[in-house]
>>> print(open('start_12.txt').read())   # compact mmCIF, C-alpha atoms
# COMPACT_ATOMS: atom_id res chain seq x y z
CA MET A 1 130.18 125.45 135.92
CA LEU A 2 132.52 122.67 134.89
CA ARG A 3 129.85 120.10 135.78
CA LEU A 4 127.32 121.96 133.63
CA LEU A 5 129.69 122.01 130.68
CA ALA A 6 130.41 118.32 131.11
CA ALA A 7 126.70 117.57 131.19
CA LEU A 8 126.13 119.56 127.99
CA VAL A 9 128.96 117.67 126.29
CA LEU A 10 127.37 114.37 127.28
CA LEU A 11 123.90 115.48 126.22
CA GLY A 12 125.09 116.86 122.89
CA PRO A 13 125.05 113.56 120.98
CA LEU A 14 121.70 112.64 122.53
CA THR A 15 120.02 115.90 121.60
CA GLY A 16 121.58 115.70 118.13
CA HIS A 17 120.12 112.21 117.72
CA ALA A 18 116.72 113.50 118.85
CA PHE A 19 116.84 116.28 116.26
CA ALA A 20 117.87 113.75 113.60
CA GLN A 21 114.90 111.56 114.51
CA ASP A 22 112.58 114.57 114.36
CA ALA A 23 113.95 115.47 110.92
CA GLN A 24 112.92 112.03 109.68
CA ARG A 25 109.35 112.28 110.98
CA SER A 26 106.56 112.45 108.41
CA GLU A 27 104.54 115.61 108.94
CA CYS A 28 101.88 114.36 106.51
CA LEU A 29 101.28 111.20 108.53
CA ALA A 30 101.27 113.22 111.75
CA MET A 31 98.66 115.61 110.37
CA ALA A 32 96.56 112.77 108.96
CA ASN A 33 96.45 111.07 112.36
CA ALA A 34 95.81 114.25 114.34
CA PRO A 35 92.27 115.12 115.51
CA PRO A 36 90.43 117.30 112.97
CA ARG A 37 90.51 120.99 113.67
CA ALA A 38 88.83 124.01 112.14
CA VAL A 39 90.84 125.72 109.41
CA PRO A 40 90.07 129.34 108.51
CA VAL A 41 88.68 129.71 104.99
CA SER A 42 91.35 132.28 104.20
CA TYR A 43 94.03 129.63 104.86
CA ARG A 44 93.13 127.74 101.69
CA ARG A 45 92.49 130.30 98.99
CA VAL A 46 91.84 129.33 95.40
CA ALA A 47 95.12 128.66 93.61
CA ALA A 48 96.28 131.83 91.92
CA LYS A 49 98.30 132.20 88.75
CA THR A 50 101.68 133.83 89.30
CA ALA A 51 102.46 136.82 87.10
CA ASP A 52 106.23 136.49 87.44
CA LYS A 53 107.02 133.08 85.92
CA THR A 54 110.68 133.18 86.94
CA ALA A 55 110.33 134.01 90.62
CA THR A 56 109.73 131.33 93.23
CA LYS A 57 108.40 132.43 96.60
CA SER A 58 110.03 131.05 99.72
CA ASP A 59 107.06 128.76 100.40
CA GLU A 60 106.12 127.98 96.80
CA VAL A 61 106.61 124.70 94.94
CA ALA A 62 106.76 124.57 91.14
CA ILE A 63 105.37 121.42 89.49
CA THR A 64 106.02 121.02 85.77
CA TYR A 65 104.55 118.37 83.48
CA ALA A 66 107.26 116.88 81.23
CA GLY A 67 105.36 113.98 79.66
CA HIS A 68 103.90 110.51 80.27
CA SER A 69 104.22 110.05 84.08
CA THR A 70 107.06 112.48 84.60
CA TYR A 71 106.49 115.62 86.64
CA TYR A 72 109.32 117.84 87.82
CA ILE A 73 108.98 119.25 91.33
CA ASP A 74 111.13 122.26 92.19
CA THR A 75 111.24 123.01 95.91
CA PRO A 76 111.78 126.38 97.60
CA GLY A 77 115.18 125.11 98.78
CA GLY A 78 116.36 124.41 95.22
CA ILE A 79 115.91 120.62 95.13
CA ARG A 80 114.62 119.31 91.80
CA ILE A 81 112.75 115.99 91.65
CA ALA A 82 111.70 114.02 88.56
CA THR A 83 109.02 111.33 88.93
CA ASP A 84 108.96 108.08 86.94
CA TYR A 85 112.18 109.28 85.34
CA ASN A 86 113.43 107.48 82.22
CA GLY A 87 115.74 110.16 80.83
CA VAL A 88 113.52 110.95 77.85
CA TYR A 89 111.06 113.45 79.30
CA ARG A 90 113.34 116.34 80.18
CA THR A 91 112.82 119.98 80.97
CA GLY A 92 115.34 122.39 82.42
CA ARG A 93 118.32 121.16 84.40
CA LEU A 94 118.93 117.61 85.55
CA PRO A 95 117.02 116.55 88.66
CA ASP A 96 118.72 116.13 92.03
CA VAL A 97 116.34 113.24 92.74
CA ALA A 98 114.93 110.77 90.22
CA THR A 99 112.21 108.34 91.31
CA MET A 100 111.35 105.35 89.13
CA ASN A 101 108.90 102.47 88.77
CA ARG A 102 109.60 99.20 87.04
CA ALA A 103 106.36 98.83 85.04
CA HIS A 104 108.20 99.15 81.72
CA ALA A 105 110.94 101.19 80.10
CA THR A 106 108.97 104.44 79.93
CA HIS A 107 109.00 104.61 83.74
CA TYR A 108 112.64 103.95 84.58
CA THR A 109 116.16 103.73 83.26
CA LEU A 110 118.96 101.53 84.53
CA PHE A 111 121.45 104.01 83.10
CA PRO A 112 120.54 107.43 84.49
CA ASP A 113 122.89 110.35 84.08
CA PRO A 114 125.63 109.84 86.70
CA LYS A 115 125.31 113.52 87.61
CA ILE A 116 121.94 112.77 89.28
CA PRO A 117 122.93 112.33 92.93
CA HIS A 118 119.83 110.49 94.18
CA VAL A 119 118.22 107.71 92.12
CA LEU A 120 115.36 106.00 93.95
CA HIS A 121 114.06 102.73 92.50
CA GLY A 122 110.43 102.03 93.39
CA TRP A 123 111.16 98.29 93.48
CA GLY A 124 113.42 96.35 95.80
CA GLU A 125 116.03 93.70 95.21
CA ASN A 126 116.12 90.02 96.21
CA GLY A 127 112.42 89.93 96.99
CA GLN A 128 112.60 92.82 99.44
CA ALA A 129 110.35 95.86 99.17
CA ALA A 130 111.92 99.24 98.49
CA HIS A 131 111.84 101.50 101.53
CA TYR A 132 112.61 105.22 101.63
CA ALA A 133 112.22 107.65 104.48
CA GLU A 134 114.89 110.29 104.04
CA ARG A 135 115.39 114.01 103.93
CA ILE A 136 117.15 115.50 100.91
CA GLY A 137 117.57 119.23 101.27
CA ASP A 138 114.21 120.72 102.20
CA VAL A 139 112.13 117.73 101.10
CA TYR A 140 111.29 114.54 103.01
CA ILE A 141 110.75 111.56 100.69
CA ARG A 142 109.05 108.30 101.56
CA ASN A 143 107.26 105.53 99.66
CA VAL A 144 104.39 103.06 99.96
CA THR A 145 104.72 99.90 97.86
CA THR A 146 102.01 98.11 95.88
CA ASP A 147 101.99 94.96 93.74
CA ILE A 148 102.38 95.20 89.99
CA ARG A 149 101.46 93.05 86.97
CA ARG A 150 104.06 91.32 84.85
CA TYR A 151 104.58 92.48 81.29
CA TRP A 152 105.55 90.98 77.97
CA GLY A 153 108.72 88.93 78.10
CA GLU A 154 108.50 88.26 81.85
CA ASP A 155 105.72 85.68 82.10
CA SER A 156 102.88 88.18 81.69
CA GLY A 157 100.35 85.55 82.77
CA GLY A 158 102.15 84.78 86.03
CA GLU A 159 101.51 86.05 89.51
CA MET A 160 101.81 89.75 90.23
CA ILE A 161 105.17 91.05 91.38
CA LYS A 162 104.92 91.86 95.06
CA ASP A 163 105.89 95.44 95.94
CA GLY A 164 106.94 96.17 92.34
CA ASN A 165 105.45 99.68 92.33
CA SER A 166 106.02 102.57 94.72
CA ILE A 167 103.74 105.46 95.54
CA PHE A 168 106.27 108.20 96.29
CA ILE A 169 105.34 110.96 98.72
CA PHE A 170 107.21 114.26 98.86
CA GLU A 171 106.77 116.48 101.89
CA VAL A 172 107.97 120.04 101.36
CA ALA A 173 106.97 123.58 102.34
CA GLY A 174 104.01 122.26 104.34
CA LEU A 175 102.66 120.37 101.31
CA CYS A 176 102.12 116.61 101.00
CA ILE A 177 102.60 115.62 97.34
CA GLY A 178 101.95 112.07 96.14
CA HIS A 179 102.74 110.30 92.87
CA LEU A 180 100.79 107.05 92.47
CA GLY A 181 103.25 105.57 89.97
CA HIS A 182 102.12 102.77 87.65
CA LEU A 183 99.31 101.69 89.94
CA HIS A 184 97.69 98.33 89.13
CA VAL A 185 95.72 97.45 92.25
CA LYS A 186 93.03 98.92 94.45
CA LEU A 187 94.36 100.39 97.66
CA ASP A 188 93.19 98.93 100.96
CA ASP A 189 92.93 100.59 104.35
CA SER A 190 96.56 99.81 105.18
CA HIS A 191 97.71 101.62 102.03
CA PHE A 192 95.64 104.70 102.79
CA ALA A 193 96.90 104.73 106.37
CA ALA A 194 100.52 104.51 105.19
CA ILE A 195 100.01 107.28 102.60
CA GLY A 196 98.41 109.68 105.07
CA ARG A 197 97.13 113.07 104.00
CA LEU A 198 97.87 114.30 100.48
CA ASP A 199 97.38 117.88 99.32
CA ILE A 200 98.44 117.17 95.74
CA VAL A 201 98.25 113.80 93.98
CA MET A 202 99.46 112.71 90.53
CA VAL A 203 97.07 110.10 89.14
CA PRO A 204 97.41 107.77 86.09
CA ILE A 205 94.20 107.96 84.06
CA ASP A 206 94.92 105.77 81.01
CA GLY A 207 92.21 103.32 82.13
CA THR A 208 93.94 100.23 80.71
CA TYR A 209 97.69 99.82 81.27
CA THR A 210 97.38 100.83 84.92
CA MET A 211 93.85 100.60 86.39
CA SER A 212 90.35 100.99 85.09
CA LEU A 213 88.93 104.50 85.27
CA ASP A 214 86.40 103.24 87.79
CA GLY A 215 89.18 101.94 90.04
CA ILE A 216 91.43 104.99 89.86
CA SER A 217 88.44 107.31 90.29
CA GLU A 218 87.47 105.54 93.51
CA ILE A 219 91.02 105.99 94.84
CA THR A 220 91.06 109.65 93.82
CA ARG A 221 87.78 110.29 95.61
CA ARG A 222 89.00 108.65 98.80
CA LEU A 223 92.34 110.48 98.83
CA ARG A 224 90.42 113.74 98.39
CA ALA A 225 93.52 115.81 97.72
CA ALA A 226 93.04 119.53 97.14
CA VAL A 227 94.77 119.22 93.76
CA VAL A 228 94.62 116.26 91.35
CA LEU A 229 97.19 116.25 88.53
CA PRO A 230 96.37 113.62 85.86
CA MET A 231 99.17 111.80 84.04
CA HIS A 232 99.66 108.70 81.88
CA ARG A 233 96.57 109.76 80.00
CA PHE A 234 96.90 108.70 76.34
CA ALA A 235 93.43 109.20 74.80
CA THR A 236 91.32 109.06 77.96
CA PRO A 237 88.40 111.51 77.70
CA LEU A 238 88.82 113.98 80.54
CA ASP A 239 85.06 114.39 80.74
CA GLU A 240 84.69 110.68 81.55
CA PHE A 241 87.27 110.92 84.35
CA MET A 242 85.53 113.99 85.75
CA ARG A 243 82.15 112.22 85.61
CA LEU A 244 83.48 109.26 87.56
CA ILE A 245 85.24 111.16 90.34
CA GLY A 246 82.10 113.14 91.04
CA GLN A 247 80.75 116.65 91.21
CA GLN A 248 82.72 117.47 94.35
CA PHE A 249 85.78 118.01 92.11
CA GLU A 250 86.18 121.11 89.99
CA ILE A 251 88.26 121.26 86.82
CA ASP A 252 90.86 123.88 85.93
CA ARG A 253 92.35 123.65 82.45
CA ARG A 254 95.67 125.47 82.12
CA GLY A 255 96.07 125.80 78.35
CA GLY A 256 99.59 126.85 77.42
CA GLU A 257 100.87 126.33 80.99
CA ARG A 258 103.03 123.37 81.90
CA THR A 259 104.02 124.63 85.36
CA LEU A 260 101.84 124.95 88.44
CA ARG A 261 103.23 127.21 91.18
CA ILE A 262 101.52 126.53 94.45
CA SER A 263 101.94 126.89 98.21
CA ARG A 264 100.07 125.73 101.27
CA ASP A 265 98.21 129.06 101.32
CA THR A 266 97.07 128.85 97.69
CA LEU A 267 95.61 125.33 97.72
CA PRO A 268 92.07 125.33 96.31
CA ALA A 269 89.27 125.38 98.87
CA THR A 270 87.41 122.81 96.70
CA PRO A 271 89.18 119.67 95.37
CA THR A 272 90.29 120.58 91.86
CA VAL A 273 91.62 118.63 88.88
CA ILE A 274 94.24 120.82 87.23
CA ILE A 275 95.04 119.96 83.61
CA LEU A 276 98.46 121.30 82.65
CA ASP A 277 99.44 121.73 79.02
CA GLY A 278 100.49 118.44 77.40
CA VAL A 279 98.54 116.13 79.68
>>> encode(input="start_12.txt", output="structure tokens")
Amino acid sequence: MLRLLAALVLLGPLTGHAFAQDAQRSECLAMANAPPRAVPVSYRRVAAKTADKTATKSDEVAITYAGHSTYYIDTPGGIRIATDYNGVYRTGRLPDVATMNRAHATHYTLFPDPKIPHVLHGWGENGQAAHYAERIGDVYIRNVTTDIRRYWGEDSGGEMIKDGNSIFIFEVAGLCIGHLGHLHVKLDDSHFAAIGRLDIVMVPIDGTYTMSLDGISEITRRLRAAVVLPMHRFATPLDEFMRLIGQQFEIDRRGGERTLRISRDTLPATPTVIILDGV
């Protein structure tokens, strides 16, 4: 008995380390690389509107459009994330996690509220790429970097800044949620492999400051997420974006609704562009 106890004591740190490694594993990459399998139609019902706007189901994520490229993601475990956070586009309480991109001042702030515990810059320092692969509460957050153009005041005609933008991916409640950031370049096979499967993707559709509509439409088609949430729109005609991404995408306009409540079970069976109020 004493030998057994001693063995358990010795194995404790090892098993703990194994669990820690497992906690850091990307489920979205694992599912993307797994062999395809049949999924019952009932598993992916058309996204339903929730009658009770205050209640959040245990497996439900709430995604709220705040403005520009900022979406707030509220997880079932109570973690609140703000994307491309600059402190201006606010709704509800402060986020627990703020992700940023360095395109220009509407996508980041160097002086975030000190009460935000996790501030994740999408760019690295000293020529190094930013790298995140960490679990915060019930959400696993990782990033895939892309190059970015220079802007006014920083040699706008010079070479692109390597790894200056991050595509952030949030894995929570069985959902893989991606935010493309201030994307300036076409994605190659290595990017798509690093991103893995996305169920929900937030896509900039301005057509000028980021990418052309043709370019972003091609990326959207290839990602083939169940839900596409446009952002960074300005005056882009939605009809033009819908024409370019193709007839395989449906459109769902949510007039008067800024929040989408969704779970793995309520993902649309057909890829759908959901237009929240204010986009």
>>> residues_around(input="start_12.txt", residues="Met100 (chain A)", least_positions_apart="6", cutoff="9 Å", atoms="all atoms listed in the file", output="list in words")
Ala82, Thr83, Asp84, Tyr85, Asn86, His107, Tyr108, Thr109, Val119, Leu120, His121, Gly122, Trp123, Asn165, Ser166 and Gly181 of chain A
>>> write_last_selection(input="start_12.txt", atoms="C-alpha atoms", output="compact mmCIF listing (two decimals), in the frame of the given file")
# COMPACT_ATOMS: atom_id res chain seq x y z
CA ALA A 82 111.70 114.02 88.56
CA THR A 83 109.02 111.33 88.93
CA ASP A 84 108.96 108.08 86.94
CA TYR A 85 112.18 109.28 85.34
CA ASN A 86 113.43 107.48 82.22
CA HIS A 107 109.00 104.61 83.74
CA TYR A 108 112.64 103.95 84.58
CA THR A 109 116.16 103.73 83.26
CA VAL A 119 118.22 107.71 92.12
CA LEU A 120 115.36 106.00 93.95
CA HIS A 121 114.06 102.73 92.50
CA GLY A 122 110.43 102.03 93.39
CA TRP A 123 111.16 98.29 93.48
CA ASN A 165 105.45 99.68 92.33
CA SER A 166 106.02 102.57 94.72
CA GLY A 181 103.25 105.57 89.97
>>> closest_atom_pairs(input="start_12.txt", of="region 210-275 of chain A", to="region 71-80 of chain A", cutoff="10 Å", atoms="only C-alpha atoms", output="JSON lines")
{"residue": "A:Leu229", "atom": "CA", "partner": "A:Tyr71", "partner_atom": "CA", "distance": 9.5}
{"residue": "A:Met231", "atom": "CA", "partner": "A:Tyr71", "partner_atom": "CA", "distance": 8.7}
{"residue": "A:Arg258", "atom": "CA", "partner": "A:Tyr71", "partner_atom": "CA", "distance": 9.7}
{"residue": "A:Thr259", "atom": "CA", "partner": "A:Tyr72", "partner_atom": "CA", "distance": 9.0}
{"residue": "A:Leu260", "atom": "CA", "partner": "A:Ile73", "partner_atom": "CA", "distance": 9.6}
{"residue": "A:Arg261", "atom": "CA", "partner": "A:Asp74", "partner_atom": "CA", "distance": 9.4}
{"residue": "A:Ser263", "atom": "CA", "partner": "A:Pro76", "partner_atom": "CA", "distance": 9.9}
>>> write_last_selection(input="start_12.txt", atoms="C-alpha atoms", output="JSON list (two decimals), in the coordinates of the input")
[["chain", "number", "residue", "atom", "x", "y", "z"],
["A", 229, "LEU", "CA", 97.19, 116.25, 88.53],
["A", 231, "MET", "CA", 99.17, 111.80, 84.04],
["A", 258, "ARG", "CA", 103.03, 123.37, 81.90],
["A", 259, "THR", "CA", 104.02, 124.63, 85.36],
["A", 260, "LEU", "CA", 101.84, 124.95, 88.44],
["A", 261, "ARG", "CA", 103.23, 127.21, 91.18],
["A", 263, "SER", "CA", 101.94, 126.89, 98.21]]
>>> closest_residue(input="start_12.txt", among="A:Ile245, A:Ala98, A:Val227, A:Ile275", to="Ile136 (chain A)", atoms="all atoms listed in the file")
A:Ala98
>>> atom_distance(input="start_12.txt", atom1="CA of Cys28 (chain A)", atom2="CA of Cys176 (chain A)")
6.0 Å
>>> residues_around(input="start_12.txt", residues="His179 (chain A)", least_positions_apart="3", cutoff="7 Å", atoms="all atoms listed in the file", output="list of chain:residue names")
A:Ile167, A:Phe168, A:Ile169, A:Val201, A:Met202, A:Val203
>>> residues_around(input="start_12.txt", residues="Ala173 (chain A)", least_positions_apart="4", cutoff="9 Å", atoms="all atoms listed in the file", output="PyMOL selection string")
chain A and resi 58-61+75-76+138-139+263-264
>>> residues_around(input="start_12.txt", residues="region 216-223 of chain A", least_positions_apart="6", cutoff="10 Å", atoms="all atoms listed in the file", output="PyMOL selection string")
chain A and resi 180+183-188+192+195-207+210+241-246+248-249+271
>>> atom_distance(input="start_12.txt", atom1="CA of Val228 (chain A)", atom2="CA of Leu110 (chain A)")
29.3 Å
>>> decode(input="start_12.txt", residues="region 77-110 of chain A", atoms="C-alpha atoms", output="PDB file, in the first residue's frame")
ATOM      1  CA  GLY A  77     -18.206  30.714 -18.161  1.00  0.00           C
ATOM      2  CA  GLY A  78     -18.500  34.501 -17.792  1.00  0.00           C
ATOM      3  CA  ILE A  79     -15.390  35.576 -19.713  1.00  0.00           C
ATOM      4  CA  ARG A  80     -15.886  38.712 -21.799  1.00  0.00           C
ATOM      5  CA  ILE A  81     -13.675  39.358 -24.840  1.00  0.00           C
ATOM      6  CA  ALA A  82     -13.433  42.537 -26.945  1.00  0.00           C
ATOM      7  CA  THR A  83     -11.856  42.309 -30.406  1.00  0.00           C
ATOM      8  CA  ASP A  84      -9.767  45.087 -31.986  1.00  0.00           C
ATOM      9  CA  TYR A  85     -10.319  47.009 -28.771  1.00  0.00           C
ATOM     10  CA  ASN A  86      -9.474  50.726 -28.712  1.00  0.00           C
ATOM     11  CA  GLY A  87     -11.540  51.798 -25.709  1.00  0.00           C
ATOM     12  CA  VAL A  88     -14.055  53.774 -27.774  1.00  0.00           C
ATOM     13  CA  TYR A  89     -16.522  51.096 -28.842  1.00  0.00           C
ATOM     14  CA  ARG A  90     -17.953  50.002 -25.519  1.00  0.00           C
ATOM     15  CA  THR A  91     -21.012  48.083 -24.451  1.00  0.00           C
ATOM     16  CA  GLY A  92     -21.735  46.658 -21.026  1.00  0.00           C
ATOM     17  CA  ARG A  93     -18.957  45.923 -18.566  1.00  0.00           C
ATOM     18  CA  LEU A  94     -15.245  46.049 -19.286  1.00  0.00           C
ATOM     19  CA  PRO A  95     -13.830  43.013 -21.081  1.00  0.00           C
ATOM     20  CA  ASP A  96     -11.677  40.446 -19.311  1.00  0.00           C
ATOM     21  CA  VAL A  97      -9.693  40.044 -22.535  1.00  0.00           C
ATOM     22  CA  ALA A  98      -8.929  42.748 -25.103  1.00  0.00           C
ATOM     23  CA  THR A  99      -7.320  41.770 -28.409  1.00  0.00           C
ATOM     24  CA  MET A 100      -5.799  44.445 -30.642  1.00  0.00           C
ATOM     25  CA  ASN A 101      -4.246  45.016 -34.054  1.00  0.00           C
ATOM     26  CA  ARG A 102      -1.799  47.743 -34.925  1.00  0.00           C
ATOM     27  CA  ALA A 103      -3.278  48.894 -38.250  1.00  0.00           C
ATOM     28  CA  HIS A 104      -4.146  52.328 -36.843  1.00  0.00           C
ATOM     29  CA  ALA A 105      -5.605  53.903 -33.726  1.00  0.00           C
ATOM     30  CA  THR A 106      -9.146  52.624 -34.249  1.00  0.00           C
ATOM     31  CA  HIS A 107      -7.903  49.062 -33.709  1.00  0.00           C
ATOM     32  CA  TYR A 108      -5.805  49.382 -30.560  1.00  0.00           C
ATOM     33  CA  THR A 109      -4.925  51.531 -27.597  1.00  0.00           C
ATOM     34  CA  LEU A 110      -1.619  51.694 -25.779  1.00  0.00           C
TER      35      LEU A 110
END
